[in-house]
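Beneath this line is the structure, given in structure tokens, with notes to follow.
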Amino acid sequence: IYWELADKYHIEEILTKFASEKGYNRVVIQGEGVGDVQGNPYKLKENELFVFNLVIEGNRVGTLEMAEFCAANGLKTVPIIDVEYTLPATMEEMKLEADGFSELNPKVKREGFVYRSQDGKQSFKNVSREYLLKHNG
């Protein structure tokens with residue numbers, strides 16, 4: 001799926017052009033291939049790439065800058081739910097938030113949330129208990 005998505009989204013061309021225009025030696029995107037590779041849990045019509053990191057010269061850029069880069073280059077980001085989010089007061093509240101339906105397909109339960117600082121340097125994943133029960137039960 002990696003080469004399929006690299007070709008589909010013209011990744012080499014996009015990154016080479018961006019690096020050349022900006023004078024960078026190394027530009028990397030990290031993302032998740034979604035679709036048949038995972039058994040297509042989101043019921044997508046085709047395999048898709050969702051970018052979650054843009055790394056320039058070894059430094060991860062902020063979430064909003066990464067999203068702007070993707071929008072400018074025809075790439076999709078993982079769903080960005082809230083850029084002004086405040087963590088809940090308790091772990092129980094946080095676990096309840098992870099349950100719910102996916103932004104990729106609102107008919108499918110989501111795997112959970114990834115919480116990330118706006119500078120892109122810190123993140124952690126909160127897996128939905130509903131998801132865990134369904135897939136590990």
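Just so we're on the same page: first chain in the structure tokens is A, next is B, and so on; residues restart at 1 for each chain, and ligands are numbered from 1 in the order they show up.
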List the spatial neighbours of range 13-23 of chain A as a PyMOL selection string - criterion: any atom at most 9 Å away, only C-alpha atoms, same-chain residues fewer than 5 positions off excluded. chain A and resi 28-29+56+73
Output file for the selection above: C-alpha atoms, as a PDB file, in the first residue's frame:
ATOM      1  CA  VAL A  28       9.350  13.933   5.376  1.00  0.00           C
ATOM      2  CA  ILE A  29       5.675  13.242   5.837  1.00  0.00           C
ATOM      3  CA  ILE A  56      11.453  19.440   8.053  1.00  0.00           C
ATOM      4  CA  ASN A  73      -0.636  20.043  -1.837  1.00  0.00           C
TER       5      ASN A  73
END
Residues flagged strand (DSSP E or B) by DSSP in range 29-82 of chain A, as a ChimeraX atom specification: /A:29-34,48-56,59-60,76-77
Within chain A, find each residue whose DSSP state, derived from the backbone, is helix (DSSP H, G or I), and express the selection as a ChimeraX atom specification. /A:2-8,11-22,36-38,63-72,91-98,129-136
Any idea what's packed within 9 Å of Leu104 in chain A, counting only C-alpha atoms, ignoring anything in its chain fewer than 6 positions away? Could you give it as a PyMOL selection string? chain A and resi 42+44+78-79+110
Name the closest residue to Val61 in chain A among the candidates A:Arg116, A:Ser128, A:Asp36, A:Ile81; distances are taken between atoms, counting only C-alpha atoms.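 When distances to Val61 in chain A are compared using only C-alpha atoms, the smallest one comes from A:Arg116.
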Write out as JSON lines the residues of range 28-122 of chain A that have any atom within 12 Å of an atom of range 1-7 of chain A, one row each with the nearest atom pair and its distance in Å to one decimal, counting only C-alpha atoms, sorted by chain and then rising number.
{"residue": "A:Ile29", "atom": "CA", "partner": "A:Ala6", "partner_atom": "CA", "distance": 10.7}
{"residue": "A:Gln30", "atom": "CA", "partner": "A:Tyr2", "partner_atom": "CA", "distance": 11.1}
{"residue": "A:Gly31", "atom": "CA", "partner": "A:Tyr2", "partner_atom": "CA", "distance": 10.0}
{"residue": "A:Glu32", "atom": "CA", "partner": "A:Tyr2", "partner_atom": "CA", "distance": 9.3}
{"residue": "A:Gly33", "atom": "CA", "partner": "A:Ile1", "partner_atom": "CA", "distance": 7.0}
{"residue": "A:Val34", "atom": "CA", "partner": "A:Ile1", "partner_atom": "CA", "distance": 9.0}
{"residue": "A:Gly35", "atom": "CA", "partner": "A:Ile1", "partner_atom": "CA", "distance": 9.1}
{"residue": "A:Asp36", "atom": "CA", "partner": "A:Ile1", "partner_atom": "CA", "distance": 8.5}
{"residue": "A:Val37", "atom": "CA", "partner": "A:Ile1", "partner_atom": "CA", "distance": 6.9}
{"residue": "A:Gln38", "atom": "CA", "partner": "A:Ile1", "partner_atom": "CA", "distance": 10.4}
{"residue": "A:Glu46", "atom": "CA", "partner": "A:Leu5", "partner_atom": "CA", "distance": 10.4}
{"residue": "A:Asn47", "atom": "CA", "partner": "A:Leu5", "partner_atom": "CA", "distance": 7.5}
{"residue": "A:Glu48", "atom": "CA", "partner": "A:Leu5", "partner_atom": "CA", "distance": 6.9}
{"residue": "A:Leu49", "atom": "CA", "partner": "A:Leu5", "partner_atom": "CA", "distance": 6.4}
{"residue": "A:Phe50", "atom": "CA", "partner": "A:Leu5", "partner_atom": "CA", "distance": 10.1}
{"residue": "A:Val51", "atom": "CA", "partner": "A:Leu5", "partner_atom": "CA", "distance": 11.4}
{"residue": "A:Leu75", "atom": "CA", "partner": "A:Leu5", "partner_atom": "CA", "distance": 10.8}
{"residue": "A:Lys76", "atom": "CA", "partner": "A:Leu5", "partner_atom": "CA", "distance": 11.8}
Option closest in space to Arg129 in chain A, from A:Leu96, A:Ile80, A:Glu103, A:Ala67 [counting only C-alpha atoms]: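 Going through A:Leu96, A:Ile80, A:Glu103, A:Ala67 one by one, the smallest distance to Arg129 in chain A is for A:Leu96.
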Within 7 Å of Arg60 in chain A, counting only C-alpha atoms, which residues qualify if same-chain residues fewer than 3 places away don't, as a list of chain:residue names? A:Asn53, A:Leu54, A:Val55, A:Ile56, A:Gly120, A:Lys121
Write out the residues from the selection above, keeping C-alpha atoms, as a short mmCIF file (atom, residue, chain, number, x, y, z; two decimals), in the first residue's frame.
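As a result, out03.cif now contains:
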data_model
loop_
_atom_site.label_atom_id
_atom_site.label_comp_id
_atom_site.auth_asym_id
_atom_site.auth_seq_id
_atom_site.Cartn_x
_atom_site.Cartn_y
_atom_site.Cartn_z
CA ASN A 53 3.33 14.62 10.69
CA LEU A 54 5.41 16.93 8.56
CA VAL A 55 9.09 16.83 9.47
CA ILE A 56 11.45 19.44 8.05
CA GLY A 120 3.39 18.83 17.27
CA LYS A 121 6.04 17.78 19.79
#
Calculated over only C-alpha atoms, which of the candidates A:Tyr85, A:Asn59, A:Thr77, A:Tyr24 has the smallest distance to Gln118 in chain A?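 Smallest separation from Gln118 in chain A among the options: A:Tyr85.
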CA of Glu12 in chain A to CA of Met66 in chain A: how many Å, to one decimal? 16.7 Å
What does the distance between CA of Asp82 in chain A and CA of Tyr115 in chain A come to in Å, to one decimal place?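 Distance reported for this atom pair: 9.8 Å.
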Could you check which of A:Tyr9, A:Phe101, A:Phe113, A:Phe69 is closest to Lys125 in chain A, using only C-alpha atoms?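 Distance minimum relative to Lys125 in chain A lands on A:Phe113.
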Separation of CA of Glu130 in chain A from CA of Asp99 in chain A, in Å and rounded to one decimal: 6.2 Å
